[in-house]
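Below is one structure, written out as C-alpha cells; the observations come after it.
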Amino acid sequence: MVKIDRLSKSYGELEVLNDISLEIQQGDIYGLIGHSGAGKSTLLRCINGLESYSNGTLKVENLEVKNFQGKRIRELRKNIGMIFQDFSLMERKTAYENIALPLECWGYESNEIDNRVKELLTLVGIEEKSNVKPRHLSGGQKQRVAIARALALNPKMLLCDEATSALDPRTMKSILALLREINEKLDITIVVVTHQMPVIKQVCNKVAVIDEGKIVVKGKVEKVFLNQPDVLRRLLGEEDNNQLPNAGINIRITYSKEEIGNGFLSKLARELDLDFSIVWGKLEKYRENTLGSIVINIVQDNEKDLFNYLDKINVNWEVMKNES
Amino acid sequence: MSHKDLELFAQIVIPELGKTLYMVSLSTILSTILGFGLAILLVVTDENGLSPNKLFYQVLNTIINIVRSFPFIILIVALIPFTRLVVGTSIGSSAALVPLVICGSSFITRIIESSLKGVDESLIEAAKSFGASNSQIIFKIMIVEAFPSIVSGITFAIILLLGATAMAGAVGAGGLGTVALTYGYQVFNDTIMYGTVIILIIIVQVIQMTGNILYKKLK
C-alpha cells in the first residue's frame with residue numbers, strides 16, 4: 001500500500017528524516033512511535049503530500065507522491081483520510097456540517113451527502129450530536145466527528161497524527177477501539193503517529209520506532225517488544241537499572257505468554273535447582289497477546305547452566321550491564 | 001432651546017445627517033469589497049500562505065502601510081488631484097468618498113487579514129488532507145471560520161469612517177462634521193453643535209450595539 005525507500009528530508013542543515021525505509025501493507029495498523037521532534041509527524045505528512053521530501057521514494061499504491069501536483073495531489077488525498085491531535089474541526093459548523101464538508105468540496109449531491117453523513121454519524125456513535133457545534137462536544141466526541149469527516153470520502157487509508165494525545169486514558173481507549181473497528185470492518189489501512197506506548201499496544205500490528213529522524217527498529221509489535229531495544233525501553237519509561245542489585249548478575253527475560261506458558265519460571269527453578277530472585281517484572285497486553293518482561297538476579301557462578309536453559313526454551317534474554 | 005434654533009436644527013442638521021449616512025454607508029461597502037480582495041491576496045501570498053509570492057506580498061504590504069501612515073486630513077489633501085480625476089470635483093460628499101474608501105479599505109484589509117490569519121492552521125491542513133482546493137479553503141473554510149471576527153472588525157471600521165467623514169467636513173465634504181465645525185467653531189451656536197454631537201454619539205452606539213449582537217449571534 002505504502003512503500004517508503006531511503007527517504008530523507010532536511011530543513012537547510014537540519015536533517016529531520018534520514019534514510020527511512022518501511023512498507024505498510026493493506027490492512028495494517030502501523031504505529032510510528034518516538035519522542036516529540038523525532039520526525040514521525042513529518043514522515044506521516046509525506047505520505048499524503050502535506051510535506052515534501054528531498055531524497056528517496058515514497059509510493060502510495062505504486063505511485064510516487066513527489067510527482068503529484070495540483071488536482072492530482074488532491075485526488076490522492078481524497079483516498080487518504082487524516083485526523084489530528086487538536087481535532088481541527090470548524091468551530092462554527094455543527095458535527096453534521098463538519099462531516100459533510102469534504103463531500104461538499106468534492107461536489108456530491110445533497111441527498112448523497114445526507115445519506116453518507118448519517119451513516120458516518122452512526123458508525124462513530126454520535127447520531128444524537130448531529131446538530132451540536134464542536135464547542136459543546138467533549139474531546140472524545142470531537143475526535144469522533146473528525147474520524148467521520150476523515151472517512152467521508154471512503155478513503156483506503158487513515159493517517160492519525162497524535163490523535164489520542166489530547167484525550168484522557170479512558171477516552172483514548174474508546175477512540176482506539178473505534179480505530180480498530182474501522183480497520184477490521186472497513187478494511188482501512190491505518191498509520192498511527194504517537195508518543196504513547198499504550199496506543200501501540202492496543203491497536204498496532206506493526207511498529208517503527210523513530211529516533212532523531214531515523215528508524216531504530218521496525219517490525220511486528222510483539223517481535224519488537226521481545227527484542228526490546230534501548231530506545232523502546234526509554235519510551236516505555238523503564239530505565240530502571242539503578243534499582244537493580246549490584247551483586248550477582250541481572251538477566252532480562254522477555255517472553256510471549258502464549259509461546260512459553262505460565263509456569264516457566266518455577267519449572268526453571270526446579271529443573272536447574274537454582275535460586276534466583278525476581279527483581280523487576282511486568283506483564284503487558286499487546287492486542288490479543290500477553291507479553292512479559294522480567295529481570296532475575298542470580299549468583300555469578302551458575303550462570304552457564306541458566307543461559308543454556310534459556311536458549312533451549314527459546315526465550316529472549318540478555319545480561320544487563322551494571323551501571324555502577 | 002429656542003424655537004429658532006429648533007427650526008435651524010431641522011433645516012440644517014437633518015439633510016446633513018443624510019449626507020453623513022450616505023458617505024459612511026457607501027464608503028463602508030466599497031472599502032469592505034476592496035478590503036476583502038486585498039486581504040485574501042495578502043493571506044494567500046504570505047510566506048506561509050496557500051500560494052506564497054514574496055514580491056507580490058511585499059509590494060502590496062508596503063502600499064497599504066504607506067496609505068495607513070497618512071493622517072486622514074492630509075490624505076484628503078494629498079489625494080485632491082486623483083479625486084478630481086475620478087469624480088470630476090474635489091468638493092462634496094461624492095468627492096469625499098475617494099479618500100474615505102482609500103483610507104477605509106487599507107484599514108479593513110488589515111482587519112480581515114488578521115482575522116483570516118487567526119484561523120487555526122491545523123484546520124487548513126485538515127482541509128488540504130481531504131483534498132479541498134485553495135479557493136475552497138479560502139471561501140468555504142477560512143472566511144466562514146473568521147466571519148464573526150471580520151464582522152466585529154468591520155463594526156470598528158464603520159465607526160472609524162464616521163469619524164473620518166466628520167474630518168472630511170473640514171474640507172468641504174458636507175455632512176455632520178461640516179455642521180459641527182461651522183456652527184460650533186465659527187458661529188458658536190452651542191445648540192446646533194452639541195445637538196450634532198449627540199446625534200453622532202447615538203449613531204456610534206447603534207453601530208457598536210448592532211455589531212456586538214451580530215458577533216454574538218454568529219459565533
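Within each chain, counting starts at residue 1; across the C-alpha cells, chains are named A, B, ... in the order shown, with ligands numbered 1 upward in that order.
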Set out as a Markdown table a contact list for chain A and chain B with a cut-off of 6 Å, giving each residue of chain A that qualifies its closest atom pair and distance in Å to one decimal, counting only C-alpha atoms, ordered by chain and rising residue number.
| residue | atom | partner | partner_atom | distance |
| --- | --- | --- | --- | --- |
| A:Arg74 | CA | B:Gly131 | CA | 4.2 |
| A:Arg77 | CA | B:Gly131 | CA | 5.2 |
| A:Lys78 | CA | B:Phe130 | CA | 5.3 |
| A:Ser88 | CA | B:Leu123 | CA | 4.5 |
| A:Cys105 | CA | B:Ala132 | CA | 6.0 |
Output N, CA and C atoms for every residue in the selection just made, as an mmCIF file, in the first residue's frame.
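This is the output file part.cif:
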data_model
loop_
_atom_site.group_PDB
_atom_site.id
_atom_site.type_symbol
_atom_site.label_atom_id
_atom_site.label_comp_id
_atom_site.auth_asym_id
_atom_site.auth_seq_id
_atom_site.Cartn_x
_atom_site.Cartn_y
_atom_site.Cartn_z
ATOM 1 N N ARG A 74 -4.691 16.380 -4.975
ATOM 2 C CA ARG A 74 -5.988 16.425 -4.298
ATOM 3 C C ARG A 74 -6.726 15.102 -4.464
ATOM 4 N N ARG A 77 -5.203 12.699 -2.053
ATOM 5 C CA ARG A 77 -5.610 12.952 -0.676
ATOM 6 C C ARG A 77 -7.049 12.513 -0.406
ATOM 7 N N LYS A 78 -7.841 12.502 -1.450
ATOM 8 C CA LYS A 78 -9.212 12.032 -1.336
ATOM 9 C C LYS A 78 -9.239 10.587 -0.833
ATOM 10 N N SER A 88 -9.124 19.720 14.834
ATOM 11 C CA SER A 88 -9.205 20.534 13.615
ATOM 12 C C SER A 88 -10.592 20.548 12.991
ATOM 13 N N CYS A 105 -17.018 19.681 -0.834
ATOM 14 C CA CYS A 105 -15.860 20.109 -1.624
ATOM 15 C C CYS A 105 -15.697 19.264 -2.879
#
Check: Could you name the residues that touch stretch 274-285 of chain A at 9 Å or less, counting only C-alpha atoms, but leaving out those on the same chain fewer than 2 positions away, as a PyMOL selection string?
Finding: chain A and resi 201-202+240+243-245+250+252+257+268-272+287-299+302+306
Item checked: Distance query B:Ala78 at most 12 Å, only C-alpha atoms, self and fewer than 5 positions along chain excluded, as a ChimeraX atom specification -> /B:67,70-73,83-84,90,98-99,102
Checklist line | Residues of stretch 7-121 of chain A in alpha helix (DSSP H), written as a PyMOL selection string | finding: chain A and resi 40-47+70-78+95-105+110-121
Check: stretch 82-86 of chain A: which residues within 7 Å, counting only C-alpha atoms, same-chain residues fewer than 5 positions away excluded, as a list in words?
Finding: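 Here the answer would be Ala146, Ile147, Ala150, Leu158, Leu159, Cys160, Asp161, Glu162, Ala163, Thr164, Ser165 and Ala166 of chain A; Ser129 of chain B.
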Restrict the selected residues to N, CA and C atoms and save them as a PDB file, in the first residue's frame.
ATOM      1  N   ALA A 146     -14.165  14.132  13.825  1.00  0.00           N
ATOM      2  CA  ALA A 146     -13.014  14.224  12.920  1.00  0.00           C
ATOM      3  C   ALA A 146     -12.789  12.909  12.183  1.00  0.00           C
ATOM      4  N   ILE A 147     -12.981  11.791  12.882  1.00  0.00           N
ATOM      5  CA  ILE A 147     -12.816  10.482  12.235  1.00  0.00           C
ATOM      6  C   ILE A 147     -13.878  10.311  11.144  1.00  0.00           C
ATOM      7  N   ALA A 150     -12.931  12.299   8.233  1.00  0.00           N
ATOM      8  CA  ALA A 150     -11.809  11.694   7.510  1.00  0.00           C
ATOM      9  C   ALA A 150     -12.262  10.499   6.675  1.00  0.00           C
ATOM     10  N   LEU A 158      -6.092   5.691   6.552  1.00  0.00           N
ATOM     11  CA  LEU A 158      -6.351   6.754   7.520  1.00  0.00           C
ATOM     12  C   LEU A 158      -5.051   7.076   8.254  1.00  0.00           C
ATOM     13  N   LEU A 159      -4.675   8.345   8.234  1.00  0.00           N
ATOM     14  CA  LEU A 159      -3.469   8.766   8.943  1.00  0.00           C
ATOM     15  C   LEU A 159      -3.875   9.435  10.252  1.00  0.00           C
ATOM     16  N   CYS A 160      -3.259   9.033  11.356  1.00  0.00           N
ATOM     17  CA  CYS A 160      -3.616   9.602  12.652  1.00  0.00           C
ATOM     18  C   CYS A 160      -2.388  10.283  13.253  1.00  0.00           C
ATOM     19  N   ASP A 161      -2.469  11.603  13.384  1.00  0.00           N
ATOM     20  CA  ASP A 161      -1.328  12.336  13.922  1.00  0.00           C
ATOM     21  C   ASP A 161      -1.568  12.661  15.390  1.00  0.00           C
ATOM     22  N   GLU A 162      -1.005  11.862  16.268  1.00  0.00           N
ATOM     23  CA  GLU A 162      -1.178  12.045  17.720  1.00  0.00           C
ATOM     24  C   GLU A 162      -2.665  12.191  18.068  1.00  0.00           C
ATOM     25  N   ALA A 163      -3.480  11.363  17.425  1.00  0.00           N
ATOM     26  CA  ALA A 163      -4.926  11.560  17.516  1.00  0.00           C
ATOM     27  C   ALA A 163      -5.481  11.358  18.919  1.00  0.00           C
ATOM     28  N   THR A 164      -4.741  10.682  19.782  1.00  0.00           N
ATOM     29  CA  THR A 164      -5.274  10.431  21.123  1.00  0.00           C
ATOM     30  C   THR A 164      -4.493  11.175  22.204  1.00  0.00           C
ATOM     31  N   SER A 165      -3.540  11.993  21.785  1.00  0.00           N
ATOM     32  CA  SER A 165      -2.650  12.628  22.774  1.00  0.00           C
ATOM     33  C   SER A 165      -3.353  13.656  23.645  1.00  0.00           C
ATOM     34  N   ALA A 166      -4.460  14.228  23.145  1.00  0.00           N
ATOM     35  CA  ALA A 166      -5.142  15.256  23.925  1.00  0.00           C
ATOM     36  C   ALA A 166      -6.305  14.663  24.732  1.00  0.00           C
TER      37      ALA A 166
ATOM     38  N   SER B 129      -5.982  17.941   3.694  1.00  0.00           N
ATOM     39  CA  SER B 129      -5.884  16.484   3.793  1.00  0.00           C
ATOM     40  C   SER B 129      -7.093  15.784   3.171  1.00  0.00           C
TER      41      SER B 129
END
